[in-house]
Structures are given as structure tokens and as C-alpha cells.
Amino acid sequence: MLAYLRRRVLSSALPLLVVILGVFFLARLTGDPTNLYLPLSATAQQRADFAARNGFDQPVLVQFVDYVGQVVRLDFGESLRTAQPAATAVLRAFPATLQLAGAAMVIAVLAALVVGSLAAYRPNSAADRAASFLSSAASSTPDFWFAIMGVLVFAVWLGWLPTSGTAGAAAWILPVVTLLIRPFGVLVQVVRGAMVTALSAPYVKVARSKGASERQVIFGHALRNAGAPVLTVAGDLAVGLVNGAVVVETIFGWPGIGKLMIDSILQRDFAVLQAAVLVTAVAIFLLNILIDVGYALLDARVRQGAMA
Amino acid sequence: MTTSLEVEGLSVDIHTPTGVLHVVRDVSFSVGSGRTLALLGESGCGKSMTAQAVAGLLDPVAEVVGGAVRLDGTDVLELDHTARRALAGPGLGVVFQDALTTLNPVQQVGAQVAEPFRIHERMGRKAARERAVELMERVGIPEPRARARAYPHQFSGGMRQRLLIAMAVALRPSVLLADEPTTALDVTVQAQIMRLLADLRAERSMALVLITHDLAVVAEQADEVAVMYAGSIVETGPVREVFDRPRHPYTRGLLSSVPAGAAKGEPLRSIEGSPPDLAAVPSGCAFRTRCPLAAEICESETPALLEVDGRAAACHFAKELTDA
């Protein structure tokens, strides 16, 4: 297990470096922050002072080497906007996103397990076709459109839910539903496929020959065997939720990392943007380790083989 | 001897996109407690389909279209789903053929062997596991307590077959249905598994239905044999008599294709042709296109399986074959 972790950490060092490289240079393509932070009337001297104070007068390569040097000492620099450490801003925003994405993912997986299993139990039945329709509709709904329509219908017309913010349970509904709709749609198909295979395996007949109820057959025997592909795709979708979070948090004014990233880009707040991307990348790396551990928990063959 | 299982006029259809296949046609047999009946036939002859219909494990595309399956006097085909489920285990045990996923690959074998006790006797996890360990010991798993925590892939084929047997006999069913229990195993292990089945049958006075294509297994293990061809039973009777003096040309063909009696260098004998496509079974006698004795009557009339002194053969020339 320790050897496995060491291997994983080493093998993800390179991708992380690529992420740092990418975000560093791409952020600088958005333009010169000096124009944004100083008034139009600022003199050339004032501009030069601002650039020198923030290190923007150096050649980009020098800036990059300095930055990497700071990052390895866990110094992520200061926000241009607030003059606070960038790490503080990111760590303050991160839990909000984690809660939102966590809630969306848990609900999406549970709902997809139930709907997908029922669809697989009687292939080509009316229930199966209904589930297929629901799932293709859900997986092809653009999240920004759904979010805006949700606000229009439930907040503006019906007045049931708030348009934005985090106050109260009702404020969670639209952001969570917007985030979970695509993962749910995709997962229903994955669960259905994996369950059709599992339910036709001989051990299902064996279980029935022992007098197991259909509920025991589906949830006790087949579902765990169908777990691995579901876990793979669910992990992938969870990573994709970071993208969804950018849209959803912007529309609903949710103070998470997606909103922080967008604001930082618009404000050319390089330090915060870089820190946000880096923290997200590390989170995704940790998530992948969790998925591997999940495989091992599901299947003893993985426990004894691949992770040794 | 009491009759434990009586199958009467059982017929099974499979619905395919191109039409209906009659895979089991009017099959009847019975087995008494402590006795062994072999259902013998080539692959595709309907013997496994018959077994699955008896056990209530047919896939949704297959359907029982007629007949009765009486388990200790109760016609299980008349029972509702719940009542039938209650008999799966205590009334009828099924020994499946070992394959990669006949045992659930992600569950400890102890839990799988314990499952019948959990379901039917509502035992707690611990008590059921104790029973499972005893049972594993009975079927010859070494160090059963430790091995109960292992997973199917950590066992050999023979050991997995023993586990499958343990599950089937757990609740002391009156009928044990064994579907090709030794086909996947090598010969020495086959013999051990057959001995285990025979011992358990005697010890628990179960009726054993042995589904197989292996003539040697039938000769050694069974009291009675029913030979199936193209979905029907073509000959039935006590094994010794049927094997010594077959009254159906198909049974004859099968027996003469055993290489044991052939001298070295002599070509092996086989039955000409191959079993009919179930979508196009010949009219009259299904075997007539491969039969050396086929005559006009075989095409126009389906021979009935008529019982004469404890034996029966569905052939127009059964009498001639008997006298020959």
C-alpha cells in the first residue's frame, strides 16, 4: 500500500508541473494587470512602480522560475485585489465547492444506481425505455441553460426558490440539481450496462437457486459486481464537476472555487488563479487515489493483485 | 421408495425474433428418494433446459408451456413466485457447473455457502457462517474456517465445485439437480466429485437428477437413465438394461461411439450427421434423418414413448431392436 502511494505521488509530479506551467503562461495571455488596477490617468512612472512591485517587470521566464521556487515552499503569493495571501482566498472558497459537488455527486450516484438497476432488470421494458429517455435527456442538457431556466421558472415565476446565494436549504436546490443532472444521466447508462452484464452472470442463477429474493439478487449480488465501471465513470464525472462548478457558481453567486477562478481571471489576479488551479489539480489527484482504494474495497482480486 | 420428483409432460418454448422454438417436448420422468436418474444427451438436446424449467430458473425468453413438476407431491408450476422461492433450497437444490463466475467473484465463499441459512432459516451472520464452515468441512474443503474468508478465485476448480455442492445440499433438499457437475474438471477430480455426490445422496436420502453427456458417469452413478434427443426423451429405463440392450437407434449410436471397445488403429465410430436445428426438426421421428433404420412410417408418424416392463423407447422398430 505504501509502495503504491509512493508510486502514485511520483507519477503525478509531472502532470502537476505541466498544470503549473500551463496556468502560469495562459494567465499572462489575458493581458497586463497594470491597466486594470491603475487609473487611466496613471503616469508611466506609476505603471513601472506597480510592475516592479509585483515582479511584472522581469522577463516571463524569470517570473516563472521565481514562482516555482515559491510554490515548492508552499508560498503562493498575494492577491492583487485584496493583498491577502492567495492560499487564504483559495482555502476559504474550496469547502463551498466541495460541499456543493459532494452533494451533487452523492445524489447523482445513488439515483443512477436505483434507476439504472431497475432499467437493467427488465431490458427493453417500458421502465427501461423511460430510463433511457430520461438519461439521454439529462446527459445532453447544457448546465448553463438548465441553471438559467431554473432561475426563471422556480425563482422568478413561481418564487419558490432564491435566485442565488447560500442562505438556507432552499438555496442549495437549484445549484445541486444543475450540477448533478449530467452525471446522473451518464451514470444511468453506465449502471444499466454493467447491471445487464452482472444480472446475466451464472452467480445470479445460483443465488436464485438458493431462494434469494429479487431484491437480494439485484442489490446483494449483481450491484457489487457492477461497481467497478460505475466507479470509474463516477470518478471521471466528479473531476468534470470542477468545470460545472465554474458555471453554476457564477450563475448562482456561490462563493466557491469556480467563482473564485472566474473572478481572478477577469481581474488578472494571477497569484489567486494559479493557486486555485493548483489546489484543484491536487484535489483531483487525491480523488484518483480514492477511486483506486474504492476498486480494492469492491473486489478482492484488485486488493491482492494490482495494488501490491 | 417414495417419489420425490415427478415431471409429467413438461414442454418449454423459447421465443426468438424469428419464431418459437420447442426446446423441451412432452418430457416425463420421476425419481425416488435415494435414487439417481441420469438425463443423458448431447449439447442442445434440451437436458439443461429441462433442468432449469424444473428448478424455475429459466431465462425470460423461455417459457414453460405445459406439464407438471411435482416436488414431493406439490406441482411447483402452480405455485406463486414467493411459494416457489421458499422451496428453492429446502425442496430442491441445484448443483451448477463451475465456471469463472458461478460463484460470486466479489463475495467471500463462506458468506455464499451461508446464504441458504440466512435466507430460509433467518439465521444471523455468525450462526450461518458456523453452519457454512461445518458444511465446507463435510464436502472436503481443507481448513474450512480459514478458507471461508477466501474468495472464489483463490480455489481450484474442484474445490469450487465442492463449494457449489455445499450450497445446494445446505438445507437438505429432497431433490438434488446436478447440471454437468464434472464437465469442467479433470478426470481424477471428476471421480472425487461424483463420489461426494453419491455419498451425500445416500447420507441424506436425496433424489439425484444427474444431467450429463458423459456415458461413463451415467453407467457408474445412475440407477435409471433417460436419453434425450431434440427436446424429447427417446429412451428410458434402468441403466444396466438400457446400456446392455438399447431399444432406440440413437441410444445404440451413442453407445457404439464409445472408443473403449475399439481396437487400436480401427476408426472411431460416430453417429452420421448432427442433431437437427431446433427451428427445423424433421417431421415424424426427429432422429430419422440420421437413423440407419429409417422407413416411411418414421416420416409420417411420431413414435410414442410406450412403456413395456419398466422400459420405454420412442421408436417404431423398438420391438425389432429388442428381439435382435
# chains A, B, ... in the order shown; residues from 1 in each chain; ligands from 1
>>> interface_residues(of="chain A", to="chain B", cutoff="8 Å", atoms="only C-alpha atoms", output="PyMOL selection string")
chain A and resi 201-203+205-206+208-213+221+224-225+298-301
>>> write_last_selection(atoms="N, CA, C and O atoms", output="mmCIF file, in the first residue's frame")
data_model
loop_
_atom_site.group_PDB
_atom_site.id
_atom_site.type_symbol
_atom_site.label_atom_id
_atom_site.label_comp_id
_atom_site.auth_asym_id
_atom_site.auth_seq_id
_atom_site.Cartn_x
_atom_site.Cartn_y
_atom_site.Cartn_z
ATOM 1 N N ALA A 201 -24.962 -13.103 -15.327
ATOM 2 C CA ALA A 201 -23.865 -13.978 -14.902
ATOM 3 C C ALA A 201 -24.411 -15.194 -14.153
ATOM 4 O O ALA A 201 -25.492 -15.128 -13.562
ATOM 5 N N PRO A 202 -23.684 -16.315 -14.204
ATOM 6 C CA PRO A 202 -24.174 -17.531 -13.552
ATOM 7 C C PRO A 202 -24.447 -17.369 -12.051
ATOM 8 O O PRO A 202 -25.378 -17.966 -11.540
ATOM 9 N N TYR A 203 -23.655 -16.540 -11.347
ATOM 10 C CA TYR A 203 -23.873 -16.452 -9.898
ATOM 11 C C TYR A 203 -25.254 -15.898 -9.555
ATOM 12 O O TYR A 203 -25.743 -16.110 -8.447
ATOM 13 N N LYS A 205 -28.025 -16.811 -11.176
ATOM 14 C CA LYS A 205 -28.864 -18.022 -11.184
ATOM 15 C C LYS A 205 -28.627 -18.833 -9.913
ATOM 16 O O LYS A 205 -29.561 -19.377 -9.335
ATOM 17 N N VAL A 206 -27.366 -18.929 -9.512
ATOM 18 C CA VAL A 206 -27.047 -19.670 -8.295
ATOM 19 C C VAL A 206 -27.779 -19.046 -7.105
ATOM 20 O O VAL A 206 -28.395 -19.749 -6.299
ATOM 21 N N ARG A 208 -30.505 -17.308 -7.134
ATOM 22 C CA ARG A 208 -31.944 -17.613 -7.227
ATOM 23 C C ARG A 208 -32.209 -19.050 -6.808
ATOM 24 O O ARG A 208 -33.221 -19.344 -6.181
ATOM 25 N N SER A 209 -31.287 -19.956 -7.152
ATOM 26 C CA SER A 209 -31.492 -21.369 -6.793
ATOM 27 C C SER A 209 -31.434 -21.557 -5.287
ATOM 28 O O SER A 209 -31.888 -22.566 -4.768
ATOM 29 N N LYS A 210 -30.817 -20.585 -4.574
ATOM 30 C CA LYS A 210 -30.786 -20.662 -3.114
ATOM 31 C C LYS A 210 -32.008 -19.991 -2.498
ATOM 32 O O LYS A 210 -32.118 -19.893 -1.283
ATOM 33 N N GLY A 211 -32.884 -19.482 -3.348
ATOM 34 C CA GLY A 211 -34.110 -18.856 -2.843
ATOM 35 C C GLY A 211 -33.962 -17.382 -2.534
ATOM 36 O O GLY A 211 -34.787 -16.807 -1.834
ATOM 37 N N ALA A 212 -32.917 -16.741 -3.051
ATOM 38 C CA ALA A 212 -32.735 -15.313 -2.809
ATOM 39 C C ALA A 212 -33.858 -14.525 -3.481
ATOM 40 O O ALA A 212 -34.303 -14.881 -4.565
ATOM 41 N N SER A 213 -34.317 -13.474 -2.801
ATOM 42 C CA SER A 213 -35.346 -12.631 -3.397
ATOM 43 C C SER A 213 -34.724 -11.789 -4.506
ATOM 44 O O SER A 213 -33.508 -11.642 -4.565
ATOM 45 N N HIS A 221 -26.053 -9.226 -4.893
ATOM 46 C CA HIS A 221 -25.076 -9.944 -5.716
ATOM 47 C C HIS A 221 -24.616 -9.149 -6.930
ATOM 48 O O HIS A 221 -23.428 -8.970 -7.155
ATOM 49 N N ARG A 224 -22.694 -5.160 -6.666
ATOM 50 C CA ARG A 224 -21.290 -5.030 -6.282
ATOM 51 C C ARG A 224 -20.375 -5.431 -7.433
ATOM 52 O O ARG A 224 -19.303 -4.873 -7.611
ATOM 53 N N ASN A 225 -20.837 -6.414 -8.220
ATOM 54 C CA ASN A 225 -20.051 -6.806 -9.383
ATOM 55 C C ASN A 225 -20.062 -5.733 -10.463
ATOM 56 O O ASN A 225 -19.152 -5.660 -11.278
ATOM 57 N N LEU A 298 -14.070 -2.897 -3.376
ATOM 58 C CA LEU A 298 -15.125 -3.614 -4.085
ATOM 59 C C LEU A 298 -14.725 -5.043 -4.408
ATOM 60 O O LEU A 298 -15.528 -5.951 -4.377
ATOM 61 N N ASP A 299 -13.466 -5.237 -4.752
ATOM 62 C CA ASP A 299 -13.077 -6.514 -5.338
ATOM 63 C C ASP A 299 -11.747 -7.003 -4.766
ATOM 64 O O ASP A 299 -10.720 -6.355 -4.925
ATOM 65 N N ALA A 300 -11.815 -8.182 -4.138
ATOM 66 C CA ALA A 300 -10.621 -8.741 -3.510
ATOM 67 C C ALA A 300 -9.521 -9.025 -4.525
ATOM 68 O O ALA A 300 -8.342 -8.999 -4.201
ATOM 69 N N ARG A 301 -9.930 -9.293 -5.779
ATOM 70 C CA ARG A 301 -8.919 -9.611 -6.793
ATOM 71 C C ARG A 301 -8.011 -8.413 -7.033
ATOM 72 O O ARG A 301 -6.819 -8.552 -7.264
#
>>> residues_around(residues="Thr183 (chain B)", least_positions_apart="3", cutoff="9 Å", atoms="only C-alpha atoms", output="list in words")
Gln97, Asp98, Glu180, Asp186, Gln190, Thr212, His213 and Asp214 of chain B
>>> write_last_selection(atoms="all heavy atoms", output="PDB file, in the first residue's frame")
ATOM      1  N   GLN B  97     -22.616 -26.109 -12.780  1.00  0.00           N
ATOM      2  CA  GLN B  97     -21.277 -26.407 -13.286  1.00  0.00           C
ATOM      3  C   GLN B  97     -20.362 -25.245 -12.936  1.00  0.00           C
ATOM      4  O   GLN B  97     -20.724 -24.089 -13.078  1.00  0.00           O
ATOM      5  CB  GLN B  97     -21.351 -26.572 -14.799  1.00  0.00           C
ATOM      6  CG  GLN B  97     -20.016 -26.892 -15.433  1.00  0.00           C
ATOM      7  CD  GLN B  97     -20.116 -26.999 -16.941  1.00  0.00           C
ATOM      8  OE1 GLN B  97     -21.169 -27.300 -17.478  1.00  0.00           O
ATOM      9  NE2 GLN B  97     -19.022 -26.743 -17.622  1.00  0.00           N
ATOM     10  N   ASP B  98     -19.149 -25.568 -12.458  1.00  0.00           N
ATOM     11  CA  ASP B  98     -18.228 -24.495 -12.096  1.00  0.00           C
ATOM     12  C   ASP B  98     -17.743 -23.765 -13.339  1.00  0.00           C
ATOM     13  O   ASP B  98     -17.315 -24.366 -14.310  1.00  0.00           O
ATOM     14  CB  ASP B  98     -17.018 -25.055 -11.340  1.00  0.00           C
ATOM     15  CG  ASP B  98     -15.971 -23.971 -11.129  1.00  0.00           C
ATOM     16  OD1 ASP B  98     -16.296 -22.974 -10.479  1.00  0.00           O
ATOM     17  OD2 ASP B  98     -14.843 -24.121 -11.641  1.00  0.00           O
ATOM     18  N   GLU B 180     -24.368 -31.014 -15.211  1.00  0.00           N
ATOM     19  CA  GLU B 180     -22.987 -31.201 -15.683  1.00  0.00           C
ATOM     20  C   GLU B 180     -21.975 -30.885 -14.574  1.00  0.00           C
ATOM     21  O   GLU B 180     -21.094 -30.051 -14.752  1.00  0.00           O
ATOM     22  CB  GLU B 180     -22.706 -30.289 -16.891  1.00  0.00           C
ATOM     23  CG  GLU B 180     -23.662 -30.483 -18.053  1.00  0.00           C
ATOM     24  CD  GLU B 180     -23.177 -31.513 -19.067  1.00  0.00           C
ATOM     25  OE1 GLU B 180     -22.160 -32.201 -18.779  1.00  0.00           O
ATOM     26  OE2 GLU B 180     -23.802 -31.659 -20.125  1.00  0.00           O
ATOM     27  N   ASP B 186     -10.862 -32.028 -14.417  1.00  0.00           N
ATOM     28  CA  ASP B 186     -10.067 -33.120 -14.983  1.00  0.00           C
ATOM     29  C   ASP B 186     -10.464 -34.443 -14.345  1.00  0.00           C
ATOM     30  O   ASP B 186     -11.146 -34.486 -13.322  1.00  0.00           O
ATOM     31  CB  ASP B 186      -8.566 -32.832 -14.913  1.00  0.00           C
ATOM     32  CG  ASP B 186      -8.077 -32.675 -13.509  1.00  0.00           C
ATOM     33  OD1 ASP B 186      -8.362 -33.564 -12.685  1.00  0.00           O
ATOM     34  OD2 ASP B 186      -7.408 -31.666 -13.224  1.00  0.00           O
ATOM     35  N   GLN B 190     -12.971 -35.354 -11.278  1.00  0.00           N
ATOM     36  CA  GLN B 190     -14.326 -35.791 -11.625  1.00  0.00           C
ATOM     37  C   GLN B 190     -14.770 -36.940 -10.739  1.00  0.00           C
ATOM     38  O   GLN B 190     -15.861 -36.926 -10.184  1.00  0.00           O
ATOM     39  CB  GLN B 190     -14.361 -36.289 -13.070  1.00  0.00           C
ATOM     40  CG  GLN B 190     -14.525 -35.202 -14.093  1.00  0.00           C
ATOM     41  CD  GLN B 190     -14.676 -35.783 -15.495  1.00  0.00           C
ATOM     42  OE1 GLN B 190     -14.901 -36.980 -15.673  1.00  0.00           O
ATOM     43  NE2 GLN B 190     -14.549 -34.921 -16.488  1.00  0.00           N
ATOM     44  N   THR B 212     -26.071 -34.906 -17.798  1.00  0.00           N
ATOM     45  CA  THR B 212     -24.712 -35.128 -18.295  1.00  0.00           C
ATOM     46  C   THR B 212     -24.719 -35.604 -19.740  1.00  0.00           C
ATOM     47  O   THR B 212     -25.741 -36.048 -20.260  1.00  0.00           O
ATOM     48  CB  THR B 212     -23.970 -36.161 -17.411  1.00  0.00           C
ATOM     49  OG1 THR B 212     -22.656 -36.306 -17.892  1.00  0.00           O
ATOM     50  CG2 THR B 212     -24.685 -37.500 -17.433  1.00  0.00           C
ATOM     51  N   HIS B 213     -23.576 -35.488 -20.369  1.00  0.00           N
ATOM     52  CA  HIS B 213     -23.412 -36.090 -21.694  1.00  0.00           C
ATOM     53  C   HIS B 213     -22.379 -37.214 -21.619  1.00  0.00           C
ATOM     54  O   HIS B 213     -21.961 -37.749 -22.635  1.00  0.00           O
ATOM     55  CB  HIS B 213     -22.977 -35.026 -22.700  1.00  0.00           C
ATOM     56  CG  HIS B 213     -21.643 -34.433 -22.364  1.00  0.00           C
ATOM     57  ND1 HIS B 213     -21.512 -33.203 -21.784  1.00  0.00           N
ATOM     58  CD2 HIS B 213     -20.404 -34.923 -22.500  1.00  0.00           C
ATOM     59  CE1 HIS B 213     -20.231 -32.956 -21.582  1.00  0.00           C
ATOM     60  NE2 HIS B 213     -19.536 -33.983 -22.001  1.00  0.00           N
ATOM     61  N   ASP B 214     -21.964 -37.528 -20.381  1.00  0.00           N
ATOM     62  CA  ASP B 214     -20.860 -38.461 -20.177  1.00  0.00           C
ATOM     63  C   ASP B 214     -21.415 -39.867 -19.902  1.00  0.00           C
ATOM     64  O   ASP B 214     -21.966 -40.143 -18.842  1.00  0.00           O
ATOM     65  CB  ASP B 214     -20.016 -37.964 -19.003  1.00  0.00           C
ATOM     66  CG  ASP B 214     -18.732 -38.745 -18.861  1.00  0.00           C
ATOM     67  OD1 ASP B 214     -18.706 -39.936 -19.243  1.00  0.00           O
ATOM     68  OD2 ASP B 214     -17.757 -38.166 -18.364  1.00  0.00           O
TER      69      ASP B 214
END
>>> closest_residue(among="A:Gly253, A:Val242, A:Asp57, A:Gly69", to="Pro162 (chain A)", atoms="only C-alpha atoms")
A:Gly253
>>> select_by_dssp(residues="region 39-284 of chain A", states="helix (DSSP H, G or I)", output="ChimeraX atom specification")
/A:44-53,60-72,86-121,126-139,143-157,170-199,202-209,214-225,227-252,257-266,270-284
>>> residues_around(residues="region 193-198 of chain A", least_positions_apart="6", cutoff="7 Å", atoms="only C-alpha atoms", output="list in words")
Ser117, Ala120, Ala222, Leu223, Asn225, Ala226 and Pro229 of chain A
>>> write_last_selection(atoms="C-alpha atoms", output="PDB file, in the first residue's frame")
ATOM      1  CA  SER A 117     -30.656  -1.197 -11.893  1.00  0.00           C
ATOM      2  CA  ALA A 120     -31.386  -3.367 -16.403  1.00  0.00           C
ATOM      3  CA  ALA A 222     -25.193  -8.077  -9.003  1.00  0.00           C
ATOM      4  CA  LEU A 223     -24.672  -4.485  -7.917  1.00  0.00           C
ATOM      5  CA  ASN A 225     -20.051  -6.806  -9.383  1.00  0.00           C
ATOM      6  CA  ALA A 226     -21.239  -3.880 -11.459  1.00  0.00           C
ATOM      7  CA  PRO A 229     -17.185   0.519 -14.219  1.00  0.00           C
TER       8      PRO A 229
END
>>> residues_around(residues="Ala286 (chain B)", least_positions_apart="5", cutoff="12 Å", atoms="only C-alpha atoms", output="tab-separated table (two decimals) with N, CA, C and O atoms, in the first residue's frame")
chain	number	residue	atom	x	y	z
B	25	ARG	N	-39.98	-31.07	-25.28
B	25	ARG	CA	-41.29	-31.51	-25.77
B	25	ARG	C	-41.78	-32.70	-24.95
B	25	ARG	O	-41.22	-33.78	-25.04
B	45	CYS	N	-29.69	-30.73	-26.63
B	45	CYS	CA	-30.80	-31.68	-26.73
B	45	CYS	C	-31.94	-31.29	-25.81
B	45	CYS	O	-33.00	-31.89	-25.84
B	228	MET	N	-32.14	-38.14	-24.02
B	228	MET	CA	-32.87	-37.07	-24.70
B	228	MET	C	-32.30	-36.80	-26.08
B	228	MET	O	-31.08	-36.88	-26.29
B	229	TYR	N	-33.19	-36.50	-27.01
B	229	TYR	CA	-32.76	-36.12	-28.35
B	229	TYR	C	-33.72	-35.07	-28.89
B	229	TYR	O	-34.95	-35.29	-28.86
B	230	ALA	N	-33.20	-33.95	-29.34
B	230	ALA	CA	-34.01	-32.87	-29.92
B	230	ALA	C	-35.21	-32.50	-29.05
B	230	ALA	O	-36.32	-32.31	-29.54
B	231	GLY	N	-35.00	-32.43	-27.75
B	231	GLY	CA	-36.04	-31.93	-26.86
B	231	GLY	C	-36.97	-32.98	-26.27
B	231	GLY	O	-37.79	-32.67	-25.43
B	232	SER	N	-36.83	-34.23	-26.75
B	232	SER	CA	-37.72	-35.28	-26.24
B	232	SER	C	-36.90	-36.41	-25.62
B	232	SER	O	-35.75	-36.61	-25.97
B	233	ILE	N	-37.57	-37.15	-24.72
B	233	ILE	CA	-36.93	-38.36	-24.22
B	233	ILE	C	-37.20	-39.46	-25.23
B	233	ILE	O	-38.34	-39.71	-25.62
B	234	VAL	N	-36.13	-40.11	-25.72
B	234	VAL	CA	-36.32	-41.14	-26.73
B	234	VAL	C	-36.22	-42.55	-26.13
B	234	VAL	O	-36.73	-43.50	-26.70
B	249	PRO	N	-32.46	-46.55	-31.79
B	249	PRO	CA	-31.25	-46.44	-32.62
B	249	PRO	C	-30.31	-45.32	-32.17
B	249	PRO	O	-29.09	-45.45	-32.31
B	250	TYR	N	-30.87	-44.25	-31.58
B	250	TYR	CA	-30.00	-43.18	-31.11
B	250	TYR	C	-29.13	-43.64	-29.94
B	250	TYR	O	-27.93	-43.41	-29.89
B	274	SER	N	-25.57	-34.51	-37.76
B	274	SER	CA	-25.55	-33.81	-36.47
B	274	SER	C	-26.99	-33.57	-36.02
B	274	SER	O	-27.93	-33.68	-36.82
B	275	PRO	N	-27.19	-33.27	-34.72
B	275	PRO	CA	-28.56	-33.09	-34.22
B	275	PRO	C	-29.26	-31.99	-35.01
B	275	PRO	O	-28.63	-31.06	-35.49
B	276	PRO	N	-30.58	-32.11	-35.18
B	276	PRO	CA	-31.30	-31.14	-36.02
B	276	PRO	C	-31.33	-29.76	-35.39
B	276	PRO	O	-31.30	-29.60	-34.18
B	277	ASP	N	-31.36	-28.76	-36.26
B	277	ASP	CA	-31.63	-27.39	-35.86
B	277	ASP	C	-33.03	-27.37	-35.26
B	277	ASP	O	-33.98	-27.86	-35.86
B	278	LEU	N	-33.16	-26.80	-34.05
B	278	LEU	CA	-34.47	-26.85	-33.38
B	278	LEU	C	-35.53	-26.05	-34.12
B	278	LEU	O	-36.72	-26.20	-33.87
B	279	ALA	N	-35.10	-25.19	-35.05
B	279	ALA	CA	-36.08	-24.45	-35.84
B	279	ALA	C	-36.62	-25.31	-36.97
B	279	ALA	O	-37.61	-24.96	-37.59
B	280	ALA	N	-35.92	-26.42	-37.27
B	280	ALA	CA	-36.35	-27.26	-38.38
B	280	ALA	C	-36.20	-28.73	-38.03
B	280	ALA	O	-35.41	-29.46	-38.64
B	281	VAL	N	-36.94	-29.16	-37.01
B	281	VAL	CA	-36.91	-30.57	-36.61
B	281	VAL	C	-37.69	-31.38	-37.65
B	281	VAL	O	-38.77	-30.97	-38.06
B	291	CYS	N	-30.92	-41.88	-38.92
B	291	CYS	CA	-31.18	-43.24	-38.44
B	291	CYS	C	-30.95	-44.27	-39.55
B	291	CYS	O	-31.45	-44.12	-40.67
B	294	ALA	N	-34.36	-45.93	-40.71
B	294	ALA	CA	-35.50	-45.08	-41.08
B	294	ALA	C	-36.31	-45.67	-42.22
B	294	ALA	O	-35.76	-46.15	-43.21
B	298	CYS	N	-41.57	-43.58	-40.30
B	298	CYS	CA	-40.84	-42.66	-39.43
B	298	CYS	C	-41.07	-41.21	-39.84
B	298	CYS	O	-40.97	-40.29	-39.04
B	299	GLU	N	-41.38	-41.01	-41.14
B	299	GLU	CA	-41.60	-39.65	-41.63
B	299	GLU	C	-43.03	-39.20	-41.35
B	299	GLU	O	-43.27	-38.04	-41.02
B	300	SER	N	-43.96	-40.13	-41.41
B	300	SER	CA	-45.37	-39.75	-41.30
B	300	SER	C	-45.86	-39.77	-39.86
B	300	SER	O	-46.76	-39.01	-39.50
B	301	GLU	N	-45.28	-40.60	-39.01
B	301	GLU	CA	-45.82	-40.74	-37.65
B	301	GLU	C	-44.75	-40.55	-36.60
B	301	GLU	O	-43.67	-41.14	-36.69
B	302	THR	N	-45.04	-39.71	-35.60
B	302	THR	CA	-44.11	-39.54	-34.49
B	302	THR	C	-44.23	-40.75	-33.57
B	302	THR	O	-45.33	-41.04	-33.09
B	303	PRO	N	-43.17	-41.49	-33.33
B	303	PRO	CA	-43.28	-42.67	-32.47
B	303	PRO	C	-43.54	-42.27	-31.03
B	303	PRO	O	-42.97	-41.31	-30.53
B	304	ALA	N	-44.44	-43.00	-30.37
B	304	ALA	CA	-44.76	-42.70	-28.97
B	304	ALA	C	-43.78	-43.41	-28.05
B	304	ALA	O	-43.18	-44.42	-28.42
B	314	ALA	N	-38.94	-44.58	-27.80
B	314	ALA	CA	-39.81	-43.94	-28.79
B	314	ALA	C	-39.29	-44.27	-30.18
B	314	ALA	O	-38.66	-43.46	-30.83
B	315	CYS	N	-39.53	-45.51	-30.62
B	315	CYS	CA	-39.09	-45.91	-31.95
B	315	CYS	C	-40.11	-46.89	-32.52
B	315	CYS	O	-40.59	-47.76	-31.80
>>> residues_around(residues="Thr188 (chain B)", least_positions_apart="4", cutoff="10 Å", atoms="only C-alpha atoms", output="ChimeraX atom specification")
/B:158,192-193
>>> atom_distance(atom1="CA of Val247 (chain A)", atom2="CA of Lys259 (chain A)")
8.0 Å
>>> atom_distance(atom1="CA of Pro246 (chain B)", atom2="CA of Val217 (chain B)")
17.3 Å
>>> atom_distance(atom1="CA of Asp143 (chain A)", atom2="CA of Val248 (chain A)")
7.6 Å
>>> residues_around(residues="Thr82 (chain A)", least_positions_apart="4", cutoff="12 Å", atoms="only C-alpha atoms", output="ChimeraX atom specification")
/A:37,77-78,86,88-89,264,267,269,271-272
